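K.L.:
Supplied structure: upload-v7.txt, compact mmCIF, C-alpha atoms.
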```
# COMPACT_ATOMS: atom_id res chain seq x y z
CA MET P 12 -14.38 -65.00 -16.11
CA ASN P 13 -15.44 -65.47 -12.51
CA ARG P 14 -15.53 -62.60 -9.99
CA SER P 15 -12.15 -63.34 -8.36
CA LYS P 16 -10.40 -63.42 -11.72
CA ARG P 17 -12.04 -60.12 -12.76
CA VAL P 18 -10.80 -58.48 -9.58
CA VAL P 19 -7.24 -59.70 -10.22
CA PHE P 20 -7.44 -58.61 -13.88
CA PHE P 21 -8.55 -55.04 -13.15
CA ALA P 22 -6.11 -54.66 -10.27
CA THR P 23 -3.27 -55.72 -12.57
CA LEU P 24 -4.47 -53.33 -15.30
CA ALA P 25 -4.57 -50.42 -12.84
CA LEU P 26 -1.02 -51.20 -11.74
CA ILE P 27 0.21 -51.28 -15.34
CA LEU P 28 -1.45 -47.92 -16.13
CA ALA P 29 0.00 -46.34 -13.00
CA MET P 30 3.49 -47.33 -14.15
CA THR P 31 3.13 -45.63 -17.56
CA PRO P 32 4.58 -42.11 -17.98
CA ALA P 33 1.08 -40.60 -17.82
CA GLY P 34 0.32 -42.49 -14.63
CA LEU P 35 3.57 -41.49 -13.00
CA PHE P 36 2.96 -37.85 -13.97
CA ALA P 37 -0.50 -37.95 -12.39
CA GLN P 38 0.96 -39.32 -9.17
CA ALA P 39 3.60 -36.58 -9.13
CA ALA P 40 0.95 -33.91 -9.72
CA GLN P 41 -1.06 -35.19 -6.78
CA GLY P 42 1.99 -35.20 -4.54
CA GLN P 43 3.26 -31.75 -5.53
CA GLN P 44 0.67 -29.21 -6.66
CA LYS P 45 1.71 -26.12 -8.60
CA PRO P 46 1.63 -22.92 -6.47
CA VAL P 47 -1.37 -20.63 -7.02
CA VAL P 48 -0.44 -17.15 -8.29
CA LEU P 49 -1.36 -13.98 -6.38
CA LYS P 50 -0.59 -10.84 -8.39
CA VAL P 51 -0.17 -7.70 -6.26
CA GLY P 52 0.56 -4.16 -7.42
CA ALA P 53 2.62 -2.01 -5.05
CA THR P 54 4.72 1.11 -4.77
CA PRO P 55 8.40 0.28 -4.09
CA ILE P 56 9.14 1.60 -0.58
CA PRO P 57 8.23 0.08 1.79
CA HIS P 58 5.30 -1.76 0.20
CA GLY P 59 7.36 -3.65 -2.37
CA ASP P 60 10.04 -4.34 0.21
CA LEU P 61 7.49 -5.88 2.57
CA LEU P 62 6.00 -8.04 -0.17
CA ASN P 63 9.45 -9.35 -1.06
CA LEU P 64 10.04 -10.00 2.64
CA VAL P 65 7.04 -12.36 2.87
CA LYS P 66 7.35 -13.90 -0.58
CA ASP P 67 8.93 -17.15 0.62
CA ASP P 68 6.46 -17.41 3.52
CA LEU P 69 3.59 -17.36 1.05
CA LEU P 70 5.30 -19.84 -1.28
CA ALA P 71 5.47 -22.26 1.65
CA LYS P 72 1.67 -21.98 1.81
CA GLY P 73 1.30 -22.73 -1.90
CA ILE P 74 1.06 -19.12 -3.10
CA LYS P 75 3.39 -17.70 -5.74
CA LEU P 76 3.45 -13.95 -5.11
CA GLU P 77 3.93 -11.86 -8.26
CA ILE P 78 4.79 -8.24 -7.45
CA VAL P 79 3.98 -5.53 -10.00
CA GLU P 80 5.89 -2.34 -9.16
CA LEU P 81 3.87 0.84 -9.75
CA THR P 82 4.83 4.45 -9.04
CA ASP P 83 1.59 6.42 -9.13
CA TYR P 84 -1.68 6.57 -7.15
CA VAL P 85 -4.11 5.93 -10.02
CA THR P 86 -2.92 2.88 -11.96
CA PRO P 87 -2.98 0.36 -9.08
CA ASN P 88 -6.71 0.75 -8.46
CA ILE P 89 -7.57 0.79 -12.16
CA LEU P 90 -5.63 -2.43 -12.76
CA LEU P 91 -7.24 -4.01 -9.71
CA ALA P 92 -10.75 -3.12 -10.85
CA ASP P 93 -9.94 -4.45 -14.34
CA LYS P 94 -8.83 -7.79 -12.82
CA GLN P 95 -5.25 -7.34 -14.00
CA LEU P 96 -4.23 -7.52 -10.34
CA ASP P 97 -5.56 -9.65 -7.49
CA ALA P 98 -4.75 -7.00 -4.89
CA ASN P 99 -2.78 -3.82 -4.41
CA PHE P 100 -0.76 -2.36 -1.57
CA PHE P 101 -0.03 1.37 -1.63
CA GLN P 102 -2.90 3.40 -0.14
CA HIS P 103 -4.94 4.11 2.99
CA THR P 104 -8.67 3.49 3.41
CA PRO P 105 -9.88 7.14 3.05
CA TYR P 106 -8.06 7.40 -0.28
CA LEU P 107 -9.48 4.07 -1.47
CA VAL P 108 -13.04 5.00 -0.48
CA ASN P 109 -12.84 8.39 -2.19
CA PHE P 110 -11.17 7.03 -5.35
CA ALA P 111 -13.62 4.14 -5.67
CA ALA P 112 -16.62 6.44 -5.22
CA GLU P 113 -15.39 8.91 -7.84
CA ARG P 114 -14.60 6.19 -10.40
CA LYS P 115 -17.51 3.92 -9.45
CA LEU P 116 -15.18 1.01 -8.68
CA SER P 117 -16.11 -1.91 -6.44
CA LEU P 118 -13.06 -2.12 -4.16
CA GLU P 119 -12.54 -2.68 -0.45
CA PRO P 120 -9.78 -2.93 2.19
CA ALA P 121 -8.60 -6.37 3.28
CA GLY P 122 -6.36 -5.43 6.20
CA ASP P 123 -4.22 -2.67 7.80
CA VAL P 124 -0.44 -2.95 7.69
CA PHE P 125 1.33 0.31 8.64
CA VAL P 126 0.95 4.08 8.84
CA ALA P 127 3.18 6.17 6.57
CA PRO P 128 2.94 9.52 8.34
CA LEU P 129 2.52 12.53 6.09
CA GLY P 130 5.24 15.08 6.76
CA LEU P 131 6.54 18.48 5.70
CA TYR P 132 10.04 18.50 4.19
CA SER P 133 12.39 21.17 2.89
CA ARG P 134 15.85 21.41 1.37
CA LYS P 135 16.01 25.13 2.23
CA TYR P 136 14.80 25.40 5.82
CA LYS P 137 15.69 23.42 8.93
CA LYS P 138 12.82 24.41 11.22
CA LEU P 139 9.10 24.99 10.79
CA GLU P 140 9.34 28.51 12.20
CA ASP P 141 11.93 29.38 9.54
CA LEU P 142 9.34 29.24 6.76
CA PRO P 143 8.94 32.84 5.57
CA GLN P 144 5.79 34.86 5.01
CA GLY P 145 4.21 33.93 1.66
CA ALA P 146 6.26 30.73 1.30
CA VAL P 147 5.25 28.37 -1.51
CA ILE P 148 4.18 24.99 -0.09
CA ALA P 149 3.57 22.00 -2.38
CA ILE P 150 0.85 19.59 -1.25
CA PRO P 151 -0.77 16.45 -2.75
CA ASN P 152 -3.51 17.16 -5.28
CA ASP P 153 -5.67 14.10 -4.63
CA PRO P 154 -8.70 15.02 -2.48
CA THR P 155 -7.93 12.78 0.49
CA ASN P 156 -4.27 13.68 0.93
CA GLU P 157 -4.81 17.36 0.18
CA ALA P 158 -7.21 17.53 3.11
CA ARG P 159 -4.78 15.49 5.19
CA ALA P 160 -1.96 17.95 4.43
CA LEU P 161 -4.07 21.00 5.27
CA ILE P 162 -5.27 19.40 8.51
CA LEU P 163 -1.61 18.87 9.43
CA PHE P 164 -1.01 22.62 9.03
CA GLU P 165 -4.14 23.40 10.98
CA SER P 166 -3.05 21.10 13.82
CA ARG P 167 0.04 23.30 14.27
CA GLY P 168 -1.99 26.51 14.27
CA LEU P 169 -0.59 27.64 10.91
CA LEU P 170 -4.00 28.06 9.28
CA LYS P 171 -7.69 27.54 9.90
CA LEU P 172 -10.09 25.53 7.76
CA ASP P 173 -13.84 25.81 7.35
CA PRO P 174 -15.15 23.22 9.86
CA LYS P 175 -17.78 22.12 7.35
CA ALA P 176 -15.09 20.85 4.98
CA GLY P 177 -13.95 18.07 7.29
CA LEU P 178 -11.88 15.35 5.62
CA LYS P 179 -12.65 16.82 2.18
CA ALA P 180 -10.98 20.18 2.78
CA THR P 181 -9.17 21.88 -0.10
CA ILE P 182 -7.21 25.12 -0.34
CA ARG P 183 -10.54 26.83 -1.07
CA ASP P 184 -11.65 25.96 2.46
CA ILE P 185 -8.84 27.94 4.12
CA VAL P 186 -10.49 30.73 6.13
CA GLU P 187 -7.39 31.97 7.97
CA ASN P 188 -3.80 31.93 6.67
CA PRO P 189 -1.75 34.29 8.88
CA LYS P 190 1.56 33.60 7.12
CA LYS P 191 -0.08 33.81 3.70
CA PHE P 192 1.38 30.51 2.56
CA GLN P 193 0.83 29.78 -1.14
CA PHE P 194 -0.28 26.15 -1.50
CA LYS P 195 0.40 24.45 -4.84
CA GLU P 196 -1.45 21.21 -5.61
CA ILE P 197 0.88 18.61 -7.17
CA GLU P 198 0.54 14.89 -7.95
CA ALA P 199 1.88 12.95 -4.97
CA PRO P 200 4.71 11.09 -6.78
CA GLN P 201 6.05 14.42 -8.11
CA LEU P 202 6.22 16.17 -4.73
CA PRO P 203 9.90 15.33 -3.99
CA ARG P 204 10.83 17.04 -7.26
CA THR P 205 9.25 20.31 -6.11
CA LEU P 206 11.74 20.70 -3.25
CA ASP P 207 14.21 22.65 -5.39
CA ASP P 208 11.59 25.30 -6.14
CA ALA P 209 9.11 25.28 -3.25
CA ALA P 210 9.98 26.38 0.27
CA ALA P 211 8.68 23.01 1.51
CA SER P 212 6.54 20.10 0.38
CA VAL P 213 4.09 17.80 2.16
CA ILE P 214 5.13 14.25 1.20
CA ASN P 215 4.01 10.86 2.43
CA GLY P 216 6.49 8.51 4.05
CA SER P 217 6.97 6.26 1.02
CA PHE P 218 7.90 9.01 -1.42
CA ALA P 219 9.91 10.89 1.22
CA SER P 220 12.02 7.77 1.78
CA GLN P 221 12.57 7.35 -1.96
CA ALA P 222 13.77 10.97 -2.04
CA GLY P 223 16.44 10.18 0.55
CA PHE P 224 14.70 11.51 3.67
CA VAL P 225 14.36 9.63 6.94
CA PRO P 226 10.82 10.78 7.79
CA ALA P 227 11.15 10.34 11.56
CA ARG P 228 14.30 12.49 11.53
CA ASP P 229 14.12 14.93 8.62
CA ASN P 230 10.60 16.38 8.83
CA LEU P 231 9.69 19.95 9.72
CA MET P 232 6.43 18.51 11.08
CA ILE P 233 4.79 15.11 10.81
CA GLU P 234 1.58 13.30 11.69
CA GLY P 235 1.45 11.50 15.01
CA VAL P 236 1.37 7.72 15.34
CA GLY P 237 -2.38 7.92 16.02
CA SER P 238 -3.07 8.79 12.38
CA PRO P 239 -6.15 7.00 10.98
CA TYR P 240 -4.49 6.71 7.58
CA ALA P 241 -3.12 3.17 7.78
CA ASN P 242 -1.82 1.68 4.54
CA ILE P 243 -3.87 -1.33 3.51
CA VAL P 244 -4.05 -4.32 1.21
CA ALA P 245 -6.94 -3.54 -1.15
CA VAL P 246 -9.00 -5.98 -3.22
CA ARG P 247 -12.17 -6.13 -5.28
CA LYS P 248 -15.30 -6.33 -3.16
CA GLY P 249 -15.94 -9.89 -2.09
CA ASP P 250 -12.28 -10.94 -2.37
CA ALA P 251 -11.16 -10.03 1.16
CA LYS P 252 -11.93 -13.62 2.26
CA ASP P 253 -10.08 -15.22 -0.67
CA TRP P 254 -7.68 -17.63 1.06
CA ARG P 255 -4.73 -16.16 -0.84
CA VAL P 256 -5.58 -12.63 0.33
CA VAL P 257 -6.14 -13.82 3.90
CA ALA P 258 -2.71 -15.47 3.80
CA LEU P 259 -1.09 -12.30 2.41
CA VAL P 260 -2.58 -10.06 5.10
CA ALA P 261 -1.60 -12.54 7.82
CA ALA P 262 1.97 -12.62 6.48
CA LEU P 263 2.14 -8.80 6.57
CA GLN P 264 0.80 -8.59 10.12
CA THR P 265 3.66 -10.36 11.89
CA GLU P 266 6.56 -9.60 14.22
CA LYS P 267 8.83 -10.25 11.26
CA VAL P 268 7.31 -7.27 9.45
CA LYS P 269 7.35 -5.09 12.58
CA ASN P 270 11.05 -5.82 13.10
CA PHE P 271 11.82 -5.14 9.43
CA LEU P 272 10.08 -1.75 9.53
CA ASP P 273 11.85 -0.79 12.73
CA SER P 274 15.34 -1.90 11.69
CA ASN P 275 15.18 -0.55 8.14
CA TYR P 276 13.14 2.63 8.50
CA LYS P 277 13.82 3.73 12.08
CA GLY P 278 10.24 4.56 13.01
CA SER P 279 9.35 6.23 9.71
CA PHE P 280 6.65 3.61 9.12
CA VAL P 281 4.54 2.60 12.10
CA PRO P 282 2.89 -0.87 12.29
CA ALA P 283 -0.91 -0.63 12.39
CA PHE P 284 -1.67 -4.12 13.70
```
Here is the file; what I need is its structure written in the form of structure tokens.
P.N.:
Amino acid sequence: MNRSKRVVFFATLALILAMTPAGLFAQAAQGQQKPVVLKVGATPIPHGDLLNLVKDDLLAKGIKLEIVELTDYVTPNILLADKQLDANFFQHTPYLVNFAAERKLSLEPAGDVFVAPLGLYSRKYKKLEDLPQGAVIAIPNDPTNEARALILFESRGLLKLDPKAGLKATIRDIVENPKKFQFKEIEAPQLPRTLDDAAASVINGSFASQAGFVPARDNLMIEGVGSPYANIVAVRKGDAKDWRVVALVAALQTEKVKNFLDSNYKGSFVPAF
């Protein structure tokens, strides 16, 4: 068989193979690739809402977003470290840094999204000055948010903390407490349930919203918009530049997300980008 005939023969053979079911399937696979999965753990409000908001945007980029709803502050980081999640979205950087150091986990932030201001809420009192002497106040029991809650009280002149404690302050670092408030340390997700018994509770914006509060309207006092505690997308160290994670953060840092937060939560969650 001369060269020209060999060329014709192999070209014909290739055409025949391409027309077989296997060949047609291969062509279809090349033309339409299956979306790559990105599995993200998140608390429901507003984190889960925001992920659902950008789900179709990510699918258009070839990413199938799988949202795992979680309701506590421990499981999301454990699952992330164990590679059962690709990312999580529920916490701020100080909490992540403290949690990772205590548990010896290799995690890092991938991007800021919004601030969920910590606020003081009550079903018994309408104003901060109405809180009586010796009132029982429930606060978060995790180290980062406990300090954050106490600093909020200190910022209003309601107590004084040992300056050496800084961002790690606990109730044991209270050096002045003129109204003799009794602070009870409670797991963050359980704080809304303490409102029937405590005079007031310090609750973050997500859990306050789930409890039916509008944080910007219903607080007795609340952090300012300059709070350094922006909620983040968190990943394992080294994964912040994963193209799927980059796409997720970009999708969450858009006017679309800003408008959604404003129209649905009336200033209770403040964009941090």
K.L.:
Neighbouring residues of Ile233 in chain P were defined as those with any atom within 7 Å, considering only C-alpha atoms; residues of the same chain fewer than 4 positions away were excluded. Please report them as a PyMOL selection string.
P.N.:
chain P and resi 128-131
K.L.:
Which one of P:Ser217, P:Asn152, P:Gln201, P:Ser238 sits closest to Tyr276 in chain P if you count all atoms listed in the file?
P.N.:
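Of P:Ser217, P:Asn152, P:Gln201, P:Ser238, the one nearest Tyr276 in chain P, counting all atoms listed in the file, is P:Ser217.
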K.L.:
Would you mind telling me which residue in P:Leu170, P:Val213, P:Leu142, P:Ala92 lies nearest to Pro200 in chain P when using only C-alpha atoms?
P.N.:
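Counting only C-alpha atoms, the residue closest to Pro200 in chain P is P:Val213.
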K.L.:
Counting all atoms listed in the file, which of P:Ala262, P:Leu91, P:Leu81, P:Ile74 gets nearest to Leu116 in chain P?
P.N.:
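Ranking P:Ala262, P:Leu91, P:Leu81, P:Ile74 by distance to Leu116 in chain P, first place goes to P:Leu91.
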K.L.:
So, with all atoms listed in the file as the atoms that count, which of P:Lys179, P:Thr265, P:Tyr132, P:Pro143 lies closest to Pro226 in chain P?
P.N.:
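Ranking P:Lys179, P:Thr265, P:Tyr132, P:Pro143 by distance to Pro226 in chain P, first place goes to P:Tyr132.
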K.L.:
Have a look at CA of Lys45 in chain P and CA of Val257 in chain P and let me know their distance in Å, one decimal.
P.N.:
19.2 Å
K.L.:
In Å, rounded to a single decimal, give me how far CA of Leu49 in chain P is from CA of Leu69 in chain P.
P.N.:
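Computing the Euclidean distance for CA of Leu69 in chain P and CA of Leu49 in chain P yields 9.5 Å.
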K.L.:
Go ahead and compute the interatomic distance for CA of Asp173 in chain P and CA of Lys138 in chain P, in Å to one decimal.
P.N.:
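For CA of Asp173 in chain P relative to CA of Lys138 in chain P, the distance reads 27.0 Å.
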K.L.:
Name the closest residue to Thr181 in chain P among the candidates P:Pro154, P:Glu165, P:Thr82, P:Gln221; distances are taken between atoms, counting all atoms listed in the file.
P.N.:
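Closest to Thr181 in chain P of all the choices is P:Pro154.
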K.L.:
List the neighbours of Lys191 in chain P out to 12 Å using all atoms listed in the file; skip same-chain residues closer than 2 positions along the sequence, and give me the result as a PyMOL selection string.
P.N.:
chain P and resi 142-148+169-171+182+185-189+193-194
K.L.:
Can you write out as CSV which residues of range 105-221 of chain P fall within 10 Å of range 239-246 of chain P, alongside each residue's closest atom pair and its distance in Å to one decimal, counting all atoms listed in the file and ordering rows by chain and ascending residue number?
P.N.:
```
residue,atom,partner,partner_atom,distance
P:Pro105,CA,P:Tyr240,CA,7.1
P:Tyr106,CA,P:Tyr240,CA,8.7
P:Leu107,CA,P:Ala245,CA,8.0
P:Ser117,CA,P:Val246,CA,8.8
P:Leu118,CA,P:Val246,CA,5.7
P:Glu119,CA,P:Val246,CA,5.6
P:Pro120,CA,P:Ala245,CA,4.4
P:Ala121,CA,P:Val244,CA,5.4
P:Gly122,CA,P:Ile243,CA,5.5
P:Asp123,CA,P:Ile243,CA,4.5
P:Val124,CA,P:Ile243,CA,5.6
P:Phe125,CA,P:Asn242,CA,5.3
P:Val126,CA,P:Ala241,CA,4.3
P:Ala127,CA,P:Asn242,CA,7.0
P:Pro128,CA,P:Tyr240,CA,8.0
P:Leu129,CA,P:Tyr240,CA,9.2
P:Thr155,CA,P:Tyr240,CA,9.9
P:Asn156,CA,P:Tyr240,CA,9.6
P:Arg159,CA,P:Tyr240,CA,9.1
```
K.L.:
I need the residues from that last selection saved to file as an mmCIF file, keeping the file's coordinate frame (with C-alpha atoms), if you can.
P.N.:
```cif
data_model
loop_
_atom_site.group_PDB
_atom_site.id
_atom_site.type_symbol
_atom_site.label_atom_id
_atom_site.label_comp_id
_atom_site.auth_asym_id
_atom_site.auth_seq_id
_atom_site.Cartn_x
_atom_site.Cartn_y
_atom_site.Cartn_z
ATOM 1 C CA PRO P 105 -9.880 7.140 3.050
ATOM 2 C CA TYR P 106 -8.060 7.400 -0.280
ATOM 3 C CA LEU P 107 -9.480 4.070 -1.470
ATOM 4 C CA SER P 117 -16.110 -1.910 -6.440
ATOM 5 C CA LEU P 118 -13.060 -2.120 -4.160
ATOM 6 C CA GLU P 119 -12.540 -2.680 -0.450
ATOM 7 C CA PRO P 120 -9.780 -2.930 2.190
ATOM 8 C CA ALA P 121 -8.600 -6.370 3.280
ATOM 9 C CA GLY P 122 -6.360 -5.430 6.200
ATOM 10 C CA ASP P 123 -4.220 -2.670 7.800
ATOM 11 C CA VAL P 124 -0.440 -2.950 7.690
ATOM 12 C CA PHE P 125 1.330 0.310 8.640
ATOM 13 C CA VAL P 126 0.950 4.080 8.840
ATOM 14 C CA ALA P 127 3.180 6.170 6.570
ATOM 15 C CA PRO P 128 2.940 9.520 8.340
ATOM 16 C CA LEU P 129 2.520 12.530 6.090
ATOM 17 C CA THR P 155 -7.930 12.780 0.490
ATOM 18 C CA ASN P 156 -4.270 13.680 0.930
ATOM 19 C CA ARG P 159 -4.780 15.490 5.190
#
```
K.L.:
Within 9 Å of Tyr84 in chain P, counting only C-alpha atoms, which residues qualify if same-chain residues fewer than 4 places away don't, as a list in words?
P.N.:
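Counting only the stated atoms, we get Thr54, Asn88, Phe101, Gln102, Asp153, Glu198, Ala199 and Pro200 of chain P.
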K.L.:
For Phe284 in chain P, which of P:Ala53, P:Leu161, P:Gln264, P:Pro174 is the closest residue, counting all atoms listed in the file?
P.N.:
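Of P:Ala53, P:Leu161, P:Gln264, P:Pro174, the one nearest Phe284 in chain P, counting all atoms listed in the file, is P:Gln264.
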